[in-house]
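Asks: Please read through the structure below; I'll follow up with questions.
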Amino acid sequence: MDQQRIARFTLAGVADAEVSLHPFTTEDGLGLGLTRFRRDDCDDVVLLVHGLTTSSDMFIMPEHTNLATFLLDSGFGEVWTLDYRLSGRYPYNSETQRFTLDDVAHYDFPAALAELRRHIGDRRVHVITHCLGAVSFSMAVFAGTVTGIASLTCNSVAMVPRTPLWSKLKLSYGPPLMEYLVGPCHLDPRYGTAPRLTRGWLLSKAVRPFHRSCDEPACHMLSFMWGGGKPIFSHDKMSPVTHARLPDLFGAANVNYYRHILKMVRAGRAVKYDRRDPRHADLPDDYLENAADVTTPILFLTGDRNHVFTDSNIVCHRLLESLAPGRHELAVLPGYGHQDAFMGADAAADVFPQVLDFLKRKAG
């Protein structure tokens, strides 16, 4: 399929499904949205949650079998995708607000689940998450801002973010350098197509010599933004069509989120960004403080070539296994990195069946 023929934000990747859009508003005043893909009546509903800079598009890509289609074909008659404040479909990441993952866990997911429940009632909900969507949704589960989740799948990272040394340096010094010296307050993989000699264009050119694995400027920027000196996926796992579509599939990332990630990396677990923030007084300072009491079973996924969050999910699973033996599961994906577990050309053969097995065992 020619990537030029794939429209940005297309819904064409999920065939033979009734599609409907469901906007909702968060308590702090953001307009967000859910998309429902329905084929049949079912007792178990699946919600897909993207990471920072991506969007629901990562789950409905038309160039190969995507996760939403795979689940529908496998008997889950209703699949929903969520676009929340981290989504590249919205402008929030390129604006000047200093949102944190506490905002996401406190405001976005409770509002999303309330809207979802308004349509599905008390049916079982299984949630599949990626990247900072996995971190923030697991924060919501462990803080109790969302309840009644039948199962949770977290890809790449969850409650124990860990990064390579180079990433720690970027997390430490990148936000102030971007905000007060380079500007603007966000990074964008599309800087390579910015007007010549603008700050974004110059940054893209400066990054390129350090990322020689391909000739795609957006891939170089994504590696700079997230990779620990290496690409955020294994190139041999990605379709050339997807690789060429990276500017459409990834958007801007506000650098203030990096500050919260750094705080968690230093703490060795998910923690509140600002204990003095009165808006989040009801959230725990340490999201793992009552981890043993959380009964939602979690499947931790991670590629063995994860150059973004390294062994985060392995360590998180080990920690939770010591607190609640046998409740959670771990799957290490040979040859996969950070992003390709859900977006790779052969993920439907290599990865999705493991997720499906977990879902079926946790379904009614």
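Residue numbering restarts at 1 in every chain; chains get A, B, ... in the order shown in the structure tokens, and ligands count up from 1 in that same order.
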So which bits of stretch 107-203 of chain A end up helix (DSSP H, G or I) when you DSSP the backbone, as an mmCIF file with N, CA and C atoms, in the first residue's frame?
Replies:
data_model
loop_
_atom_site.group_PDB
_atom_site.id
_atom_site.type_symbol
_atom_site.label_atom_id
_atom_site.label_comp_id
_atom_site.auth_asym_id
_atom_site.auth_seq_id
_atom_site.Cartn_x
_atom_site.Cartn_y
_atom_site.Cartn_z
ATOM 1 N N TYR A 107 -7.705 13.125 35.733
ATOM 2 C CA TYR A 107 -8.798 13.719 34.972
ATOM 3 C C TYR A 107 -9.209 12.942 33.721
ATOM 4 N N ASP A 108 -8.232 12.485 32.929
ATOM 5 C CA ASP A 108 -8.559 11.915 31.620
ATOM 6 C C ASP A 108 -9.238 10.553 31.723
ATOM 7 N N PHE A 109 -8.632 9.641 32.448
ATOM 8 C CA PHE A 109 -9.140 8.276 32.454
ATOM 9 C C PHE A 109 -10.464 8.119 33.206
ATOM 10 N N PRO A 110 -10.666 8.782 34.337
ATOM 11 C CA PRO A 110 -12.003 8.699 34.950
ATOM 12 C C PRO A 110 -13.106 9.220 34.033
ATOM 13 N N ALA A 111 -12.838 10.328 33.326
ATOM 14 C CA ALA A 111 -13.835 10.868 32.406
ATOM 15 C C ALA A 111 -14.058 9.923 31.233
ATOM 16 N N ALA A 112 -12.976 9.321 30.727
ATOM 17 C CA ALA A 112 -13.102 8.380 29.609
ATOM 18 C C ALA A 112 -13.906 7.153 30.017
ATOM 19 N N LEU A 113 -13.620 6.606 31.194
ATOM 20 C CA LEU A 113 -14.349 5.418 31.642
ATOM 21 C C LEU A 113 -15.808 5.741 31.934
ATOM 22 N N ALA A 114 -16.086 6.939 32.433
ATOM 23 C CA ALA A 114 -17.479 7.336 32.664
ATOM 24 C C ALA A 114 -18.249 7.386 31.353
ATOM 25 N N GLU A 115 -17.635 7.950 30.314
ATOM 26 C CA GLU A 115 -18.282 7.998 29.000
ATOM 27 C C GLU A 115 -18.439 6.592 28.427
ATOM 28 N N LEU A 116 -17.410 5.776 28.572
ATOM 29 C CA LEU A 116 -17.479 4.397 28.086
ATOM 30 C C LEU A 116 -18.611 3.644 28.777
ATOM 31 N N ARG A 117 -18.674 3.758 30.097
ATOM 32 C CA ARG A 117 -19.707 3.051 30.863
ATOM 33 C C ARG A 117 -21.107 3.533 30.501
ATOM 34 N N ARG A 118 -21.217 4.769 30.084
ATOM 35 C CA ARG A 118 -22.523 5.309 29.705
ATOM 36 C C ARG A 118 -23.104 4.532 28.523
ATOM 37 N N HIS A 119 -22.214 3.932 27.715
ATOM 38 C CA HIS A 119 -22.660 3.205 26.525
ATOM 39 C C HIS A 119 -22.663 1.692 26.712
ATOM 40 N N ILE A 120 -21.800 1.181 27.565
ATOM 41 C CA ILE A 120 -21.683 -0.283 27.681
ATOM 42 C C ILE A 120 -22.232 -0.834 28.985
ATOM 43 N N CYS A 131 3.376 2.686 26.488
ATOM 44 C CA CYS A 131 4.260 3.811 26.814
ATOM 45 C C CYS A 131 3.709 4.629 27.992
ATOM 46 N N LEU A 132 3.646 5.948 27.859
ATOM 47 C CA LEU A 132 3.161 6.759 28.970
ATOM 48 C C LEU A 132 1.671 6.581 29.195
ATOM 49 N N GLY A 133 0.967 6.029 28.212
ATOM 50 C CA GLY A 133 -0.401 5.612 28.463
ATOM 51 C C GLY A 133 -0.439 4.469 29.461
ATOM 52 N N ALA A 134 0.544 3.562 29.370
ATOM 53 C CA ALA A 134 0.643 2.460 30.329
ATOM 54 C C ALA A 134 1.010 2.976 31.716
ATOM 55 N N VAL A 135 1.947 3.926 31.771
ATOM 56 C CA VAL A 135 2.327 4.499 33.066
ATOM 57 C C VAL A 135 1.137 5.184 33.713
ATOM 58 N N SER A 136 0.497 6.089 32.977
ATOM 59 C CA SER A 136 -0.564 6.900 33.567
ATOM 60 C C SER A 136 -1.822 6.088 33.851
ATOM 61 N N PHE A 137 -2.147 5.100 32.995
ATOM 62 C CA PHE A 137 -3.343 4.307 33.290
ATOM 63 C C PHE A 137 -3.104 3.395 34.484
ATOM 64 N N SER A 138 -1.926 2.823 34.591
ATOM 65 C CA SER A 138 -1.645 2.013 35.781
ATOM 66 C C SER A 138 -1.621 2.891 37.028
ATOM 67 N N MET A 139 -1.168 4.128 36.909
ATOM 68 C CA MET A 139 -1.269 5.072 38.035
ATOM 69 C C MET A 139 -2.728 5.261 38.441
ATOM 70 N N ALA A 140 -3.609 5.407 37.455
ATOM 71 C CA ALA A 140 -5.032 5.585 37.750
ATOM 72 C C ALA A 140 -5.606 4.355 38.452
ATOM 73 N N VAL A 141 -5.207 3.164 38.004
ATOM 74 C CA VAL A 141 -5.692 1.932 38.631
ATOM 75 C C VAL A 141 -5.180 1.817 40.063
ATOM 76 N N PHE A 142 -3.897 2.089 40.267
ATOM 77 C CA PHE A 142 -3.308 1.923 41.594
ATOM 78 C C PHE A 142 -3.727 3.046 42.547
ATOM 79 N N ALA A 143 -4.133 4.186 41.990
ATOM 80 C CA ALA A 143 -4.626 5.274 42.831
ATOM 81 C C ALA A 143 -6.126 5.166 43.072
ATOM 82 N N LEU A 165 21.227 5.591 30.402
ATOM 83 C CA LEU A 165 21.918 6.761 30.946
ATOM 84 C C LEU A 165 21.758 7.984 30.056
ATOM 85 N N TRP A 166 21.890 7.803 28.736
ATOM 86 C CA TRP A 166 21.775 8.942 27.819
ATOM 87 C C TRP A 166 20.390 9.569 27.923
ATOM 88 N N SER A 167 19.373 8.740 28.096
ATOM 89 C CA SER A 167 18.023 9.267 28.254
ATOM 90 C C SER A 167 17.887 10.054 29.553
ATOM 91 N N LYS A 168 18.515 9.587 30.610
ATOM 92 C CA LYS A 168 18.462 10.315 31.880
ATOM 93 C C LYS A 168 19.064 11.708 31.733
ATOM 94 N N LEU A 169 20.151 11.802 30.978
ATOM 95 C CA LEU A 169 20.770 13.106 30.759
ATOM 96 C C LEU A 169 19.840 14.022 29.980
ATOM 97 N N LYS A 170 19.188 13.466 28.958
ATOM 98 C CA LYS A 170 18.251 14.269 28.173
ATOM 99 C C LYS A 170 17.046 14.676 29.006
ATOM 100 N N LEU A 171 16.556 13.760 29.840
ATOM 101 C CA LEU A 171 15.423 14.088 30.710
ATOM 102 C C LEU A 171 15.789 15.179 31.704
ATOM 103 N N SER A 172 17.044 15.197 32.130
ATOM 104 C CA SER A 172 17.490 16.177 33.122
ATOM 105 C C SER A 172 17.664 17.562 32.532
ATOM 106 N N TYR A 173 18.309 17.637 31.381
ATOM 107 C CA TYR A 173 18.696 18.943 30.845
ATOM 108 C C TYR A 173 17.854 19.395 29.645
ATOM 109 N N GLY A 174 17.129 18.457 29.026
ATOM 110 C CA GLY A 174 16.356 18.801 27.849
ATOM 111 C C GLY A 174 15.245 19.811 28.078
ATOM 112 N N PRO A 175 14.391 19.629 29.107
ATOM 113 C CA PRO A 175 13.284 20.576 29.302
ATOM 114 C C PRO A 175 13.714 22.030 29.474
ATOM 115 N N PRO A 176 14.675 22.345 30.364
ATOM 116 C CA PRO A 176 15.056 23.760 30.466
ATOM 117 C C PRO A 176 15.747 24.294 29.221
ATOM 118 N N LEU A 177 16.523 23.437 28.541
ATOM 119 C CA LEU A 177 17.178 23.888 27.313
ATOM 120 C C LEU A 177 16.144 24.218 26.241
ATOM 121 N N MET A 178 15.121 23.373 26.124
ATOM 122 C CA MET A 178 14.086 23.631 25.120
ATOM 123 C C MET A 178 13.267 24.860 25.473
ATOM 124 N N GLU A 179 12.845 24.978 26.720
ATOM 125 C CA GLU A 179 11.939 26.057 27.109
ATOM 126 C C GLU A 179 12.627 27.424 27.139
ATOM 127 N N TYR A 180 13.875 27.461 27.611
ATOM 128 C CA TYR A 180 14.505 28.754 27.865
ATOM 129 C C TYR A 180 15.630 29.125 26.902
ATOM 130 N N LEU A 181 16.074 28.163 26.079
ATOM 131 C CA LEU A 181 17.180 28.471 25.174
ATOM 132 C C LEU A 181 16.815 28.186 23.718
ATOM 133 N N VAL A 182 16.488 26.953 23.414
ATOM 134 C CA VAL A 182 16.214 26.568 22.027
ATOM 135 C C VAL A 182 14.815 27.006 21.626
ATOM 136 N N PRO A 189 8.563 15.372 15.911
ATOM 137 C CA PRO A 189 9.275 14.567 14.901
ATOM 138 C C PRO A 189 9.192 15.140 13.503
ATOM 139 N N ARG A 190 8.307 16.139 13.285
ATOM 140 C CA ARG A 190 8.151 16.728 11.960
ATOM 141 C C ARG A 190 9.054 17.935 11.731
ATOM 142 N N TYR A 191 9.980 18.184 12.638
ATOM 143 C CA TYR A 191 10.885 19.328 12.477
ATOM 144 C C TYR A 191 11.684 19.255 11.182
ATOM 145 N N GLY A 192 11.899 18.050 10.666
ATOM 146 C CA GLY A 192 12.676 17.910 9.447
ATOM 147 C C GLY A 192 12.041 18.585 8.242
ATOM 148 N N THR A 193 10.738 18.802 8.288
ATOM 149 C CA THR A 193 10.051 19.473 7.189
ATOM 150 C C THR A 193 9.686 20.911 7.535
ATOM 151 N N ARG A 199 14.344 27.110 14.041
ATOM 152 C CA ARG A 199 14.953 26.357 15.138
ATOM 153 C C ARG A 199 14.665 24.865 15.027
ATOM 154 N N GLY A 200 13.434 24.516 14.672
ATOM 155 C CA GLY A 200 13.096 23.110 14.530
ATOM 156 C C GLY A 200 13.891 22.439 13.425
ATOM 157 N N TRP A 201 14.009 23.094 12.288
ATOM 158 C CA TRP A 201 14.770 22.550 11.165
ATOM 159 C C TRP A 201 16.238 22.361 11.545
ATOM 160 N N LEU A 202 16.811 23.336 12.217
ATOM 161 C CA LEU A 202 18.210 23.236 12.644
ATOM 162 C C LEU A 202 18.409 22.100 13.638
ATOM 163 N N LEU A 203 17.449 21.924 14.562
ATOM 164 C CA LEU A 203 17.559 20.827 15.527
ATOM 165 C C LEU A 203 17.506 19.489 14.809
#
Asks: Show which residues sit within 12 Å of stretch 11-28 of chain A, as number ranges by chain. Count only C-alpha atoms, and ignore same-chain residues fewer than 6 positions away.
Replies: A: 1, 5, 34-41, 56-73, 76-85, 99, 103-119, 279-280
Asks: Stretch 135-189 of chain A near stretch 331-342 of chain A within 12 Å: what's each residue's closest atom pair and its distance in Å to one decimal, counting only C-alpha atoms, ordered by chain then ascending residue number, as CSV?
Replies:
residue,atom,partner,partner_atom,distance
A:Thr153,CA,A:Ala331,CA,10.4
A:Cys154,CA,A:Ala331,CA,10.4
A:Asn155,CA,A:Ala341,CA,7.8
A:Ser156,CA,A:His338,CA,5.8
A:Val157,CA,A:His338,CA,9.0
A:Thr163,CA,A:His338,CA,11.8
Asks: Quick one: residues within 12 Å of A:Arg212, only C-alpha atoms counted, chain neighbours fewer than 6 positions away excluded, as a list of chain:residue names?
Replies: A:Cys219, A:His220, A:Met221, A:Ser223, A:Phe224, A:Gly229, A:Lys230, A:Pro231, A:His235
Asks: Convert the current residue selection to file output with C-alpha atoms, as a short mmCIF file (atom, residue, chain, number, x, y, z; two decimals), in the first residue's frame.
Replies:
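Heads up, here's the output in part-v6.cif:
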data_model
loop_
_atom_site.label_atom_id
_atom_site.label_comp_id
_atom_site.auth_asym_id
_atom_site.auth_seq_id
_atom_site.Cartn_x
_atom_site.Cartn_y
_atom_site.Cartn_z
CA CYS A 219 12.73 8.57 12.78
CA HIS A 220 15.87 10.45 13.79
CA MET A 221 13.85 12.94 15.83
CA SER A 223 15.08 8.43 18.48
CA PHE A 224 16.36 11.72 19.88
CA GLY A 229 20.78 6.70 21.67
CA LYS A 230 19.11 4.06 19.49
CA PRO A 231 15.83 3.81 17.52
CA HIS A 235 13.70 -1.39 11.93
#
Asks: Determine, counting only C-alpha atoms, which protein, DNA and RNA residues have an atom within 12 Å of an atom of A:Pro325; residues of the same chain fewer than 3 positions away are not included. Present the result as a list in words.
Replies: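 Surrounding residues, per the criterion: Ala291, Ala292, Thr295, Pro297, His317, Arg318, Leu319, Leu320, Glu321, Ser322, His328 and Glu329 of chain A.
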Asks: Can you check which residues of stretch 115-346 of chain A DSSP gives as strand (DSSP E) on the backbone and send them as number ranges by chain?
Replies: A: 124-130, 149-155, 186-187, 253-254, 298-303, 329-333
Asks: I need the chosen residues saved as a compact mmCIF listing (two decimals), in the first residue's frame, with C-alpha atoms.
Replies:
# COMPACT_ATOMS: atom_id res chain seq x y z
CA ARG A 124 -16.30 -6.18 31.69
CA VAL A 125 -13.61 -3.77 30.44
CA HIS A 126 -10.12 -4.90 29.46
CA VAL A 127 -7.55 -2.15 28.84
CA ILE A 128 -4.45 -2.43 26.62
CA THR A 129 -1.95 0.39 27.05
CA HIS A 130 1.36 1.59 25.66
CA ILE A 149 -10.95 -3.02 35.20
CA ALA A 150 -11.08 -6.74 34.36
CA SER A 151 -7.51 -6.85 33.03
CA LEU A 152 -4.73 -4.47 32.08
CA THR A 153 -1.96 -4.94 29.52
CA CYS A 154 1.04 -2.57 29.71
CA ASN A 155 3.58 -2.44 26.91
CA HIS A 186 7.87 20.90 22.81
CA LEU A 187 9.73 18.54 20.50
CA ALA A 253 5.69 16.04 22.94
CA ASN A 254 5.57 18.76 25.58
CA ILE A 298 -1.68 -7.09 34.58
CA LEU A 299 0.20 -8.46 31.59
CA PHE A 300 3.57 -6.73 31.27
CA LEU A 301 4.92 -6.72 27.70
CA THR A 302 8.40 -5.62 26.68
CA GLY A 303 10.73 -6.14 23.77
CA GLU A 329 2.24 -11.95 34.09
CA LEU A 330 5.28 -11.02 31.99
CA ALA A 331 5.97 -11.59 28.30
CA VAL A 332 9.35 -10.65 26.79
CA LEU A 333 9.20 -10.23 23.01
Asks: Give me the residues within 9 Å of A:Arg98 as a compact mmCIF listing (two decimals) with N, CA and C atoms, in the first residue's frame, counting only C-alpha atoms and dropping any in the same chain fewer than 6 places off.
Replies:
# COMPACT_ATOMS: atom_id res chain seq x y z
N ASN A 254 5.22 17.68 24.68
CA ASN A 254 5.57 18.76 25.58
C ASN A 254 6.64 18.28 26.55
N VAL A 255 7.71 19.05 26.70
CA VAL A 255 8.87 18.58 27.46
C VAL A 255 8.61 18.51 28.96
N ASN A 256 7.51 19.10 29.44
CA ASN A 256 7.27 19.01 30.89
C ASN A 256 6.98 17.59 31.33
N TYR A 257 6.44 16.76 30.43
CA TYR A 257 6.24 15.36 30.79
C TYR A 257 7.56 14.68 31.11
